[in-house]
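One structure is given below, encoded as structure tokens.
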Amino acid sequence: KPSMDKQQAIHTTRGTVTEITADAITLSHEPVPSLNWPAMTMGFKLPTGGLPANIKVGDRVSFSFTQGKEGSFRIESITHVDAMPEMPR
């Protein structure tokens, strides 16, 4: 039976919100090592419950997403980077 790991994997990165529409959010994001992606700007489907009300264009965010069977990507969780404690360097 083929493995579904690729479908179910959750990927996490950070980025900046560049556009929000009724059913999608566009993010200019940092590289995603788990997918071997470079930094890029792309659209994601909104989370199942919709975006948090405080997320707006220009915000720096940390987000996780999954890849759907049809090849689209859906946000699973998204928070302001400012809301997360910075890791000491």
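If you're wondering about the labels, chains in the structure tokens are A, B, ... by order shown, residues count from 1 in each chain, ligands from 1 in order shown.
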
Handout entry: 12 Å contact set for Ser34 in chain A, only C-alpha atoms, chain neighbours under 2 positions out, as an MDAnalysis selection string
Key = chainID A and resid 6 9:13 31:32 36:38 64:66

Handout entry: DSSP-assigned strand (DSSP E) members of chain A, reported as a ChimeraX atom specification
Key = /A:10-20,24-29,40-45,60-67,73-80

Quick one: everything within 7 Å of range 53-59 of chain A, counting only C-alpha atoms, minus sequence neighbours fewer than 6 positions away in the same chain. Send it as an mmCIF file with N, CA, C and O atoms, in the first residue's frame.
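Contents of the output file part38.cif:
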data_model
loop_
_atom_site.group_PDB
_atom_site.id
_atom_site.type_symbol
_atom_site.label_atom_id
_atom_site.label_comp_id
_atom_site.auth_asym_id
_atom_site.auth_seq_id
_atom_site.Cartn_x
_atom_site.Cartn_y
_atom_site.Cartn_z
ATOM 1 N N THR A 16 5.846 36.687 5.272
ATOM 2 C CA THR A 16 5.109 37.946 5.360
ATOM 3 C C THR A 16 3.852 37.820 4.508
ATOM 4 O O THR A 16 3.915 37.348 3.376
ATOM 5 N N VAL A 17 2.719 38.243 5.074
ATOM 6 C CA VAL A 17 1.450 38.205 4.352
ATOM 7 C C VAL A 17 1.485 39.280 3.270
ATOM 8 O O VAL A 17 1.737 40.455 3.554
ATOM 9 N N THR A 18 1.242 38.888 2.012
ATOM 10 C CA THR A 18 1.241 39.872 0.924
ATOM 11 C C THR A 18 -0.153 40.127 0.364
ATOM 12 O O THR A 18 -0.397 41.161 -0.239
ATOM 13 N N GLU A 19 -1.078 39.164 0.538
ATOM 14 C CA GLU A 19 -2.440 39.355 0.047
ATOM 15 C C GLU A 19 -3.366 38.390 0.773
ATOM 16 O O GLU A 19 -2.973 37.277 1.112
ATOM 17 N N ILE A 20 -4.601 38.831 1.007
ATOM 18 C CA ILE A 20 -5.627 37.968 1.587
ATOM 19 C C ILE A 20 -6.885 38.113 0.740
ATOM 20 O O ILE A 20 -7.324 39.225 0.467
ATOM 21 N N HIS A 80 1.254 35.387 14.567
ATOM 22 C CA HIS A 80 2.235 36.455 14.405
ATOM 23 C C HIS A 80 3.576 36.000 14.950
ATOM 24 O O HIS A 80 3.625 35.362 16.004
#

Handout entry: Residue contacts of Phe73 in chain A (9 Å, only C-alpha atoms) excluding same-chain residues fewer than 4 positions away, as number ranges by chain
Key = A: 43-45, 65-68

Practice task
as a list of chain:residue names, list the residues of chain A assigned to helix (DSSP H, G or I) by DSSP on the backbone atoms of this structure.
Solution key: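 Answer for chain A restricted to helix (DSSP H, G or I) is A:Asp5, A:Lys6, A:Gln7, A:Gln8, A:Pro33, A:Ser34, A:Leu35, A:Val81, A:Asp82, A:Ala83.
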
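CA of Asp23 in chain A is found 11.2 Å from CA of Ile75 in chain A.
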
Handout entry: A:Gly15, A:Glu30, A:Ala24, A:Thr48 ranked by distance to Thr79 in chain A, top pick (using only C-alpha atoms)
Key = A:Gly15

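Residue nearest Ser28 in chain A within the list A:Phe63, A:Asp82, A:Pro52, A:Gln8: A:Phe63 [criterion: smallest interatomic distance, only C-alpha atoms].
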
Handout entry: Residue nearest Arg60 in chain A - candidates A:Pro47, A:Glu76, A:Val81, A:Thr26, atoms counted: only C-alpha atoms
Key =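 The answer is A:Val81, which sits nearest to Arg60 in chain A.
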
Handout entry: Å distance separating CA of Ile25 in chain A from CA of Val61 in chain A, one decimal place
Key =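 Taking CA of Ile25 in chain A as the start and CA of Val61 in chain A as the end point, the length is 11.8 Å.
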
Problem - Point-to-point distance in Å for CA of Ser77 in chain A and CA of Leu35 in chain A - result: 17.7 Å
